[in-house]
$ cat my_file05.pdb   # PDB, C-alpha atoms
MODEL        1
ATOM      1  CA  MET N   1     -40.020  -2.259 -53.176  1.00  0.00           C
ATOM      2  CA  GLU N   2     -38.023  -0.216 -50.688  1.00  0.00           C
ATOM      3  CA  THR N   3     -35.092   1.731 -52.038  1.00  0.00           C
ATOM      4  CA  PRO N   4     -32.031   0.239 -50.341  1.00  0.00           C
ATOM      5  CA  GLY N   5     -30.844   2.495 -47.538  1.00  0.00           C
ATOM      6  CA  ALA N   6     -33.872   4.767 -47.696  1.00  0.00           C
ATOM      7  CA  ALA N   7     -34.886   5.812 -44.215  1.00  0.00           C
ATOM      8  CA  GLN N   8     -38.431   4.694 -43.440  1.00  0.00           C
ATOM      9  CA  MET N   9     -38.575   6.313 -39.985  1.00  0.00           C
ATOM     10  CA  ILE N  10     -41.600   4.217 -39.123  1.00  0.00           C
ATOM     11  CA  TYR N  11     -41.165   4.657 -35.357  1.00  0.00           C
ATOM     12  CA  SER N  12     -40.862   8.424 -35.939  1.00  0.00           C
ATOM     13  CA  ASP N  13     -44.077   8.529 -37.959  1.00  0.00           C
ATOM     14  CA  ILE N  14     -46.091   6.446 -35.487  1.00  0.00           C
ATOM     15  CA  VAL N  15     -44.871   8.417 -32.479  1.00  0.00           C
ATOM     16  CA  ILE N  16     -45.754  11.759 -34.101  1.00  0.00           C
ATOM     17  CA  ALA N  17     -49.255  10.433 -34.885  1.00  0.00           C
ATOM     18  CA  ILE N  18     -49.605   9.268 -31.278  1.00  0.00           C
ATOM     19  CA  LEU N  19     -48.368  12.612 -29.950  1.00  0.00           C
ATOM     20  CA  ILE N  20     -50.933  14.482 -32.065  1.00  0.00           C
ATOM     21  CA  PHE N  21     -53.678  12.111 -30.924  1.00  0.00           C
ATOM     22  CA  SER N  22     -52.743  12.449 -27.262  1.00  0.00           C
ATOM     23  CA  VAL N  23     -52.570  16.258 -27.432  1.00  0.00           C
ATOM     24  CA  LEU N  24     -55.961  16.430 -29.207  1.00  0.00           C
ATOM     25  CA  LEU N  25     -57.451  14.030 -26.637  1.00  0.00           C
ATOM     26  CA  ASP N  26     -56.129  16.233 -23.836  1.00  0.00           C
ATOM     27  CA  LEU N  27     -57.274  19.522 -25.385  1.00  0.00           C
ATOM     28  CA  PHE N  28     -60.685  18.449 -26.673  1.00  0.00           C
ATOM     29  CA  GLY N  29     -61.508  15.044 -25.158  1.00  0.00           C
ATOM     30  CA  PHE N  30     -61.315  15.947 -21.499  1.00  0.00           C
ATOM     31  CA  LYS N  31     -63.069  18.827 -19.770  1.00  0.00           C
ATOM     32  CA  ASN N  32     -59.962  20.330 -18.192  1.00  0.00           C
ATOM     33  CA  SER N  33     -56.874  20.128 -20.369  1.00  0.00           C
ATOM     34  CA  LEU N  34     -53.788  19.068 -18.433  1.00  0.00           C
ATOM     35  CA  LEU N  35     -51.501  20.799 -20.949  1.00  0.00           C
ATOM     36  CA  THR N  36     -52.854  24.180 -19.844  1.00  0.00           C
ATOM     37  CA  ARG N  37     -52.401  23.578 -16.113  1.00  0.00           C
ATOM     38  CA  PRO N  38     -49.378  23.898 -13.800  1.00  0.00           C
ATOM     39  CA  ILE N  39     -50.072  20.526 -12.147  1.00  0.00           C
ATOM     40  CA  PHE N  40     -49.164  18.747 -15.375  1.00  0.00           C
ATOM     41  CA  TRP N  41     -45.983  20.658 -16.144  1.00  0.00           C
ATOM     42  CA  SER N  42     -44.800  20.483 -12.512  1.00  0.00           C
ATOM     43  CA  SER N  43     -45.395  16.737 -12.460  1.00  0.00           C
ATOM     44  CA  TYR N  44     -43.704  16.315 -15.808  1.00  0.00           C
ATOM     45  CA  ALA N  45     -40.691  18.335 -14.602  1.00  0.00           C
ATOM     46  CA  ILE N  46     -40.297  15.785 -11.803  1.00  0.00           C
ATOM     47  CA  ILE N  47     -40.826  12.804 -14.114  1.00  0.00           C
ATOM     48  CA  LEU N  48     -38.560  13.996 -16.963  1.00  0.00           C
ATOM     49  CA  PRO N  49     -35.194  13.314 -15.240  1.00  0.00           C
ATOM     50  CA  PHE N  50     -36.405   9.813 -14.362  1.00  0.00           C
ATOM     51  CA  GLN N  51     -37.631   9.324 -17.911  1.00  0.00           C
ATOM     52  CA  LEU N  52     -34.217  10.341 -19.282  1.00  0.00           C
ATOM     53  CA  LEU N  53     -32.447   8.125 -16.736  1.00  0.00           C
ATOM     54  CA  THR N  54     -34.515   4.990 -17.391  1.00  0.00           C
ATOM     55  CA  ASN N  55     -34.412   5.522 -21.196  1.00  0.00           C
ATOM     56  CA  TRP N  56     -30.651   5.963 -20.911  1.00  0.00           C
ATOM     57  CA  TRP N  57     -30.351   2.718 -18.947  1.00  0.00           C
ATOM     58  CA  LEU N  58     -32.310   0.727 -21.520  1.00  0.00           C
ATOM     59  CA  THR N  59     -30.554   2.155 -24.568  1.00  0.00           C
ATOM     60  CA  SER N  60     -26.931   2.782 -23.456  1.00  0.00           C
ATOM     61  CA  ARG N  61     -26.676  -0.828 -22.284  1.00  0.00           C
ATOM     62  CA  ASN N  62     -28.347  -2.015 -25.493  1.00  0.00           C
ATOM     63  CA  ILE N  63     -31.098  -3.744 -23.531  1.00  0.00           C
ATOM     64  CA  VAL N  64     -33.432  -2.368 -26.213  1.00  0.00           C
ATOM     65  CA  MET N  65     -32.118  -1.826 -29.723  1.00  0.00           C
ATOM     66  CA  TYR N  66     -33.704  -0.175 -32.749  1.00  0.00           C
ATOM     67  CA  ASP N  67     -33.591  -0.813 -36.456  1.00  0.00           C
ATOM     68  CA  PRO N  68     -31.726   2.343 -37.602  1.00  0.00           C
ATOM     69  CA  ASP N  69     -34.149   2.617 -40.535  1.00  0.00           C
ATOM     70  CA  VAL N  70     -37.203   3.203 -38.338  1.00  0.00           C
ATOM     71  CA  ILE N  71     -35.873   6.115 -36.258  1.00  0.00           C
ATOM     72  CA  SER N  72     -34.807   9.671 -37.082  1.00  0.00           C
ATOM     73  CA  GLY N  73     -31.395   9.094 -35.539  1.00  0.00           C
ATOM     74  CA  LEU N  74     -31.682  12.042 -33.156  1.00  0.00           C
ATOM     75  CA  ARG N  75     -30.759  10.783 -29.685  1.00  0.00           C
ATOM     76  CA  ILE N  76     -30.981  12.430 -26.270  1.00  0.00           C
ATOM     77  CA  MET N  77     -28.887  10.828 -23.527  1.00  0.00           C
ATOM     78  CA  SER N  78     -28.429   7.753 -25.735  1.00  0.00           C
ATOM     79  CA  ALA N  79     -32.165   7.178 -26.265  1.00  0.00           C
ATOM     80  CA  PRO N  80     -33.929   7.928 -29.564  1.00  0.00           C
ATOM     81  CA  VAL N  81     -35.904  11.172 -29.265  1.00  0.00           C
ATOM     82  CA  GLU N  82     -38.909   9.046 -30.285  1.00  0.00           C
ATOM     83  CA  ASP N  83     -38.741   7.319 -26.881  1.00  0.00           C
ATOM     84  CA  LEU N  84     -39.055  10.654 -25.111  1.00  0.00           C
ATOM     85  CA  ILE N  85     -42.082  11.595 -27.222  1.00  0.00           C
ATOM     86  CA  PHE N  86     -43.748   8.212 -26.696  1.00  0.00           C
ATOM     87  CA  GLY N  87     -43.225   8.588 -22.927  1.00  0.00           C
ATOM     88  CA  PHE N  88     -44.726  12.079 -22.985  1.00  0.00           C
ATOM     89  CA  ALA N  89     -47.861  10.810 -24.721  1.00  0.00           C
ATOM     90  CA  LEU N  90     -48.160   7.900 -22.275  1.00  0.00           C
ATOM     91  CA  ILE N  91     -47.798  10.214 -19.269  1.00  0.00           C
ATOM     92  CA  LEU N  92     -50.269  12.809 -20.598  1.00  0.00           C
ATOM     93  CA  ASN N  93     -52.990  10.293 -21.437  1.00  0.00           C
ATOM     94  CA  VAL N  94     -52.711   8.200 -18.276  1.00  0.00           C
ATOM     95  CA  MET N  95     -53.024  11.377 -16.189  1.00  0.00           C
ATOM     96  CA  GLY N  96     -55.963  12.503 -18.329  1.00  0.00           C
ATOM     97  CA  MET N  97     -57.739   9.191 -17.867  1.00  0.00           C
ATOM     98  CA  TRP N  98     -57.091   9.293 -14.120  1.00  0.00           C
ATOM     99  CA  GLU N  99     -58.732  12.712 -13.830  1.00  0.00           C
ATOM    100  CA  TYR N 100     -61.571  11.604 -16.115  1.00  0.00           C
ATOM    101  CA  TRP N 101     -62.484   8.624 -13.909  1.00  0.00           C
ATOM    102  CA  GLY N 102     -62.140  10.824 -10.835  1.00  0.00           C
ATOM    103  CA  THR N 103     -64.657  13.306 -12.224  1.00  0.00           C
ATOM    104  CA  LYS N 104     -66.956  10.344 -12.997  1.00  0.00           C
ATOM    105  CA  GLY N 105     -66.883   9.572  -9.283  1.00  0.00           C
ATOM    106  CA  VAL N 106     -64.715   6.435  -9.488  1.00  0.00           C
ATOM    107  CA  GLN N 107     -62.651   6.320  -6.281  1.00  0.00           C
ATOM    108  CA  LYS N 108     -62.495  10.096  -6.201  1.00  0.00           C
ATOM    109  CA  ASP N 109     -60.696  10.157  -2.813  1.00  0.00           C
TER     110      ASP N 109
ATOM    111  CA  MET E 110     -25.693 -15.133  -8.097  1.00  0.00           C
ATOM    112  CA  ARG E 111     -23.938 -15.864 -11.362  1.00  0.00           C
ATOM    113  CA  GLU E 112     -23.043 -12.844 -13.438  1.00  0.00           C
ATOM    114  CA  SER E 113     -25.088 -14.060 -16.406  1.00  0.00           C
ATOM    115  CA  THR E 114     -28.122 -14.427 -14.116  1.00  0.00           C
ATOM    116  CA  MET E 115     -27.623 -10.886 -12.799  1.00  0.00           C
ATOM    117  CA  LEU E 116     -27.363  -9.614 -16.360  1.00  0.00           C
ATOM    118  CA  LYS E 117     -30.737 -11.140 -17.237  1.00  0.00           C
ATOM    119  CA  LEU E 118     -32.309  -8.829 -14.639  1.00  0.00           C
ATOM    120  CA  SER E 119     -31.022  -5.644 -16.363  1.00  0.00           C
ATOM    121  CA  TYR E 120     -34.383  -4.502 -17.724  1.00  0.00           C
ATOM    122  CA  LEU E 121     -36.239  -5.674 -14.611  1.00  0.00           C
ATOM    123  CA  ALA E 122     -33.823  -3.684 -12.415  1.00  0.00           C
ATOM    124  CA  MET E 123     -34.968  -0.450 -14.069  1.00  0.00           C
ATOM    125  CA  LEU E 124     -38.595  -1.263 -13.231  1.00  0.00           C
ATOM    126  CA  ILE E 125     -37.726  -2.103  -9.623  1.00  0.00           C
ATOM    127  CA  PHE E 126     -35.799   1.182  -9.411  1.00  0.00           C
ATOM    128  CA  THR E 127     -38.900   3.045 -10.662  1.00  0.00           C
ATOM    129  CA  MET E 128     -40.990   1.352  -7.989  1.00  0.00           C
ATOM    130  CA  PHE E 129     -38.551   2.359  -5.243  1.00  0.00           C
ATOM    131  CA  ALA E 130     -38.336   5.897  -6.634  1.00  0.00           C
ATOM    132  CA  SER E 131     -42.100   6.420  -6.600  1.00  0.00           C
ATOM    133  CA  PHE E 132     -43.979   3.997  -4.352  1.00  0.00           C
ATOM    134  CA  TRP E 133     -42.719   5.660  -1.137  1.00  0.00           C
ATOM    135  CA  LEU E 134     -45.084   8.530  -2.044  1.00  0.00           C
ATOM    136  CA  GLU E 135     -47.954   6.170  -1.205  1.00  0.00           C
ATOM    137  CA  ILE E 136     -46.849   6.230   2.447  1.00  0.00           C
ATOM    138  CA  ALA E 137     -45.010   9.537   2.878  1.00  0.00           C
ATOM    139  CA  PHE E 138     -47.396  11.703   0.839  1.00  0.00           C
ATOM    140  CA  LYS E 139     -50.476   9.530   1.317  1.00  0.00           C
ATOM    141  CA  VAL E 140     -51.179   9.783  -2.413  1.00  0.00           C
ATOM    142  CA  HIS E 141     -53.560   6.806  -2.107  1.00  0.00           C
ATOM    143  CA  VAL E 142     -52.968   5.593  -5.624  1.00  0.00           C
ATOM    144  CA  LEU E 143     -52.459   1.921  -4.775  1.00  0.00           C
ATOM    145  CA  ARG E 144     -55.596   1.871  -2.665  1.00  0.00           C
ATOM    146  CA  ARG E 145     -57.580   3.187  -5.644  1.00  0.00           C
ATOM    147  CA  MET E 146     -56.598   0.281  -7.891  1.00  0.00           C
ATOM    148  CA  LYS E 147     -59.925   0.171  -9.716  1.00  0.00           C
ATOM    149  CA  ARG E 148     -59.434   3.765 -10.889  1.00  0.00           C
ATOM    150  CA  VAL E 149     -55.769   2.999 -11.667  1.00  0.00           C
ATOM    151  CA  LEU E 150     -56.683   0.036 -13.866  1.00  0.00           C
ATOM    152  CA  LEU E 151     -59.530   1.856 -15.620  1.00  0.00           C
ATOM    153  CA  SER E 152     -57.084   4.682 -16.375  1.00  0.00           C
ATOM    154  CA  LEU E 153     -54.107   2.690 -17.573  1.00  0.00           C
ATOM    155  CA  LEU E 154     -55.631  -0.363 -19.251  1.00  0.00           C
ATOM    156  CA  PRO E 155     -57.005   1.369 -22.376  1.00  0.00           C
ATOM    157  CA  ILE E 156     -53.775   3.333 -22.825  1.00  0.00           C
ATOM    158  CA  SER E 157     -51.377   0.492 -21.983  1.00  0.00           C
ATOM    159  CA  LEU E 158     -53.246  -2.041 -24.126  1.00  0.00           C
ATOM    160  CA  GLY E 159     -52.958   0.320 -27.072  1.00  0.00           C
ATOM    161  CA  PHE E 160     -49.240   0.734 -26.533  1.00  0.00           C
ATOM    162  CA  LEU E 161     -48.776  -3.037 -26.098  1.00  0.00           C
ATOM    163  CA  ILE E 162     -50.524  -3.689 -29.423  1.00  0.00           C
ATOM    164  CA  TRP E 163     -48.061  -1.260 -31.002  1.00  0.00           C
ATOM    165  CA  ASP E 164     -45.222  -3.016 -29.121  1.00  0.00           C
ATOM    166  CA  ALA E 165     -46.323  -6.407 -30.493  1.00  0.00           C
ATOM    167  CA  TYR E 166     -46.453  -4.953 -34.020  1.00  0.00           C
ATOM    168  CA  ALA E 167     -43.042  -3.267 -33.705  1.00  0.00           C
ATOM    169  CA  ILE E 168     -41.430  -6.431 -32.300  1.00  0.00           C
ATOM    170  CA  ALA E 169     -42.961  -8.533 -35.097  1.00  0.00           C
ATOM    171  CA  GLN E 170     -41.683  -6.036 -37.690  1.00  0.00           C
ATOM    172  CA  GLY E 171     -38.246  -5.848 -36.074  1.00  0.00           C
ATOM    173  CA  HIS E 172     -38.526  -2.111 -35.407  1.00  0.00           C
ATOM    174  CA  TRP E 173     -36.998  -2.783 -32.000  1.00  0.00           C
ATOM    175  CA  TYR E 174     -35.645  -5.841 -30.267  1.00  0.00           C
ATOM    176  CA  PHE E 175     -34.252  -6.877 -26.923  1.00  0.00           C
ATOM    177  CA  ASP E 176     -30.885  -8.253 -25.880  1.00  0.00           C
ATOM    178  CA  GLN E 177     -31.874 -11.745 -24.765  1.00  0.00           C
ATOM    179  CA  LYS E 178     -28.924 -11.775 -22.331  1.00  0.00           C
ATOM    180  CA  GLN E 179     -30.449  -8.772 -20.486  1.00  0.00           C
ATOM    181  CA  VAL E 180     -34.084  -9.815 -20.167  1.00  0.00           C
ATOM    182  CA  THR E 181     -35.550 -12.664 -18.140  1.00  0.00           C
ATOM    183  CA  GLY E 182     -36.616 -14.432 -21.312  1.00  0.00           C
ATOM    184  CA  ILE E 183     -40.168 -14.789 -20.011  1.00  0.00           C
ATOM    185  CA  ASN E 184     -42.476 -13.654 -22.783  1.00  0.00           C
ATOM    186  CA  GLY E 185     -46.125 -12.733 -22.769  1.00  0.00           C
ATOM    187  CA  PRO E 186     -48.382 -13.018 -25.819  1.00  0.00           C
ATOM    188  CA  PHE E 187     -46.939 -12.024 -29.227  1.00  0.00           C
ATOM    189  CA  SER E 188     -43.327 -12.426 -27.994  1.00  0.00           C
ATOM    190  CA  ILE E 189     -43.646  -9.349 -25.784  1.00  0.00           C
ATOM    191  CA  PRO E 190     -41.089  -9.645 -22.955  1.00  0.00           C
ATOM    192  CA  ILE E 191     -42.696  -9.714 -19.502  1.00  0.00           C
ATOM    193  CA  GLU E 192     -40.627  -6.596 -18.722  1.00  0.00           C
ATOM    194  CA  GLU E 193     -42.522  -4.638 -21.389  1.00  0.00           C
ATOM    195  CA  ILE E 194     -45.859  -5.686 -19.919  1.00  0.00           C
ATOM    196  CA  LEU E 195     -44.687  -4.709 -16.424  1.00  0.00           C
ATOM    197  CA  PHE E 196     -43.397  -1.415 -17.865  1.00  0.00           C
ATOM    198  CA  PHE E 197     -46.931  -0.461 -18.901  1.00  0.00           C
ATOM    199  CA  LEU E 198     -48.196  -1.263 -15.409  1.00  0.00           C
ATOM    200  CA  ILE E 199     -45.437   0.192 -13.214  1.00  0.00           C
ATOM    201  CA  ILE E 200     -44.602   3.372 -15.161  1.00  0.00           C
ATOM    202  CA  PRO E 201     -48.225   4.656 -15.251  1.00  0.00           C
ATOM    203  CA  ILE E 202     -48.592   3.977 -11.515  1.00  0.00           C
ATOM    204  CA  ALA E 203     -45.369   5.933 -10.843  1.00  0.00           C
ATOM    205  CA  VAL E 204     -46.734   8.742 -13.048  1.00  0.00           C
ATOM    206  CA  LEU E 205     -50.044   8.874 -11.152  1.00  0.00           C
ATOM    207  CA  MET E 206     -48.217   8.882  -7.809  1.00  0.00           C
ATOM    208  CA  THR E 207     -46.177  11.878  -8.984  1.00  0.00           C
ATOM    209  CA  LEU E 208     -49.333  13.704 -10.100  1.00  0.00           C
ATOM    210  CA  GLU E 209     -51.066  13.003  -6.785  1.00  0.00           C
ATOM    211  CA  GLY E 210     -47.895  13.943  -4.884  1.00  0.00           C
ATOM    212  CA  VAL E 211     -47.898  17.365  -6.555  1.00  0.00           C
ATOM    213  CA  ALA E 212     -51.659  17.630  -5.853  1.00  0.00           C
ATOM    214  CA  ARG E 213     -50.915  17.051  -2.141  1.00  0.00           C
ATOM    215  CA  ILE E 214     -48.566  20.040  -2.077  1.00  0.00           C
ATOM    216  CA  LYS E 215     -50.657  22.228  -4.405  1.00  0.00           C
ATOM    217  CA  PRO E 216     -54.310  21.217  -3.921  1.00  0.00           C
ATOM    218  CA  GLN E 217     -55.381  24.412  -5.716  1.00  0.00           C
ATOM    219  CA  TRP E 218     -53.866  22.955  -8.910  1.00  0.00           C
ATOM    220  CA  LYS E 219     -56.183  19.974  -8.880  1.00  0.00           C
ATOM    221  CA  HIS E 220     -58.964  19.498 -11.425  1.00  0.00           C
ATOM    222  CA  PRO E 221     -61.780  21.808 -10.177  1.00  0.00           C
ATOM    223  CA  GLU E 222     -64.177  18.870  -9.840  1.00  0.00           C
ATOM    224  CA  LEU E 223     -61.658  16.899  -7.799  1.00  0.00           C
ATOM    225  CA  ARG E 224     -60.995  19.542  -5.142  1.00  0.00           C
ATOM    226  CA  LYS E 225     -62.507  18.880  -1.757  1.00  0.00           C
TER     227      LYS E 225
ENDMDL
END
$ encode --input "my_file05.pdb" --output "structure tokens"
Amino acid sequence: METPGAAQMIYSDIVIAILIFSVLLDLFGFKNSLLTRPIFWSSYAIILPFQLLTNWWLTSRNIVMYDPDVISGLRIMSAPVEDLIFGFALILNVMGMWEYWGTKGVQKD
Amino acid sequence: MRESTMLKLSYLAMLIFTMFASFWLEIAFKVHVLRRMKRVLLSLLPISLGFLIWDAYAIAQGHWYFDQKQVTGINGPFSIPIEEILFFLIIPIAVLMTLEGVARIKPQWKHPELRK
């Protein structure tokens, strides 16, 4: 039985596991790690303000709400920090997959 | 339009904004993401499906929930709002357009096997 009021931080735990998985996939799964290249960090620098803006929209207006027990409580521009981490993993892996299929010759140009 | 109807488009509005903010790159920067839809789908489907399974689980567990006044109310499988499904389609496309936009300006930064 759960102790009443005990923080479970389930979203936090899952998102950390996903972050670790996505970083390992990038570093060891694909031939050319995006994390070590300027194209990734430049792209992410462009995406980040939009990520913060759209997360802010969804959370400040309470379009999406979270069970306080599943998050750490740390928020950046109204959104749980977990959202930012989840977005980072999504971005990294989609880009990685895109490059992977390109190197396999699928619609390279 | 009635105010309550407008309000129901709140989540959808963010997705439409993302499309406007990124899809112009297709024309202006000739990123050619939309015309490579097979590669787009192969890239995003495994990732997005994984995240949607998590979404379904989190919704079922009540980890997060949506203000029914601010979503269309159209749900996909497992009570996932249509907006969430569109999120995992539109956001990755916007991401790939940004990556290809940067690659247009800095072709030397591209994956070595993808340089011309």
$ resolve_selection --input "my_file05.pdb" --expression "the ChimeraX specification (/E :<9) & /N" --output "PyMOL selection string"
chain N and resi 10-11+32+34+37-40+42-44+46-47+50+54+57-58+61-71+90-91+93-103+106-109
$ atom_distance --input "my_file05.pdb" --atom1 "CA of Ile199 in chain E" --atom2 "CA of Gly73 in chain N"
27.8 Å
$ atom_distance --input "my_file05.pdb" --atom1 "CA of Asp26 in chain N" --atom2 "CA of Ala89 in chain N"
9.9 Å
$ residues_around --input "my_file05.pdb" --residues "Ser188 in chain E" --least-positions-apart "3" --cutoff "8 Å" --atoms "all atoms listed in the file" --output "PyMOL selection string"
chain E and resi 165+168+184-185
$ write_last_selection --input "my_file05.pdb" --atoms "C-alpha atoms" --output "short mmCIF file (atom, residue, chain, number, x, y, z; two decimals), in the coordinates of the input"
data_model
loop_
_atom_site.label_atom_id
_atom_site.label_comp_id
_atom_site.auth_asym_id
_atom_site.auth_seq_id
_atom_site.Cartn_x
_atom_site.Cartn_y
_atom_site.Cartn_z
CA ALA E 165 -46.32 -6.41 -30.49
CA ILE E 168 -41.43 -6.43 -32.30
CA ASN E 184 -42.48 -13.65 -22.78
CA GLY E 185 -46.12 -12.73 -22.77
#
$ resolve_selection --input "my_file05.pdb" --expression "the PyMOL selection byres ((chain N and resi 81) around 12)" --output "PyMOL selection string"
chain N and resi 11-12+15-16+51-52+55-56+59+71-80+82-88
$ atom_distance --input "my_file05.pdb" --atom1 "CA of Met9 in chain N" --atom2 "CA of Gly182 in chain E"
28.0 Å
$ decode --input "my_file05.pdb" --residues "range 27-49 of chain N" --atoms "C-alpha atoms" --output "compact mmCIF listing (two decimals), in the first residue's frame"
# COMPACT_ATOMS: atom_id res chain seq x y z
CA LEU N 27 25.66 7.17 -28.88
CA PHE N 28 25.83 3.45 -29.65
CA GLY N 29 22.87 2.56 -31.88
CA PHE N 30 23.57 4.89 -34.77
CA LYS N 31 26.83 5.25 -36.67
CA ASN N 32 27.16 9.01 -36.23
CA SER N 33 25.99 10.28 -32.87
CA LEU N 34 23.90 13.44 -33.16
CA LEU N 35 24.82 14.48 -29.60
CA THR N 36 28.44 14.98 -30.69
CA ARG N 37 27.63 17.11 -33.74
CA PRO N 38 26.86 20.82 -34.16
CA ILE N 39 23.88 20.12 -36.44
CA PHE N 40 21.98 18.64 -33.52
CA TRP N 41 22.72 21.35 -30.98
CA SER N 42 22.08 24.14 -33.52
CA SER N 43 18.75 22.57 -34.45
CA TYR N 44 17.86 22.05 -30.81
CA ALA N 45 18.72 25.69 -30.03
CA ILE N 46 16.12 26.71 -32.62
CA ILE N 47 13.55 24.19 -31.38
CA LEU N 48 13.98 24.87 -27.63
CA PRO N 49 12.16 28.26 -27.54
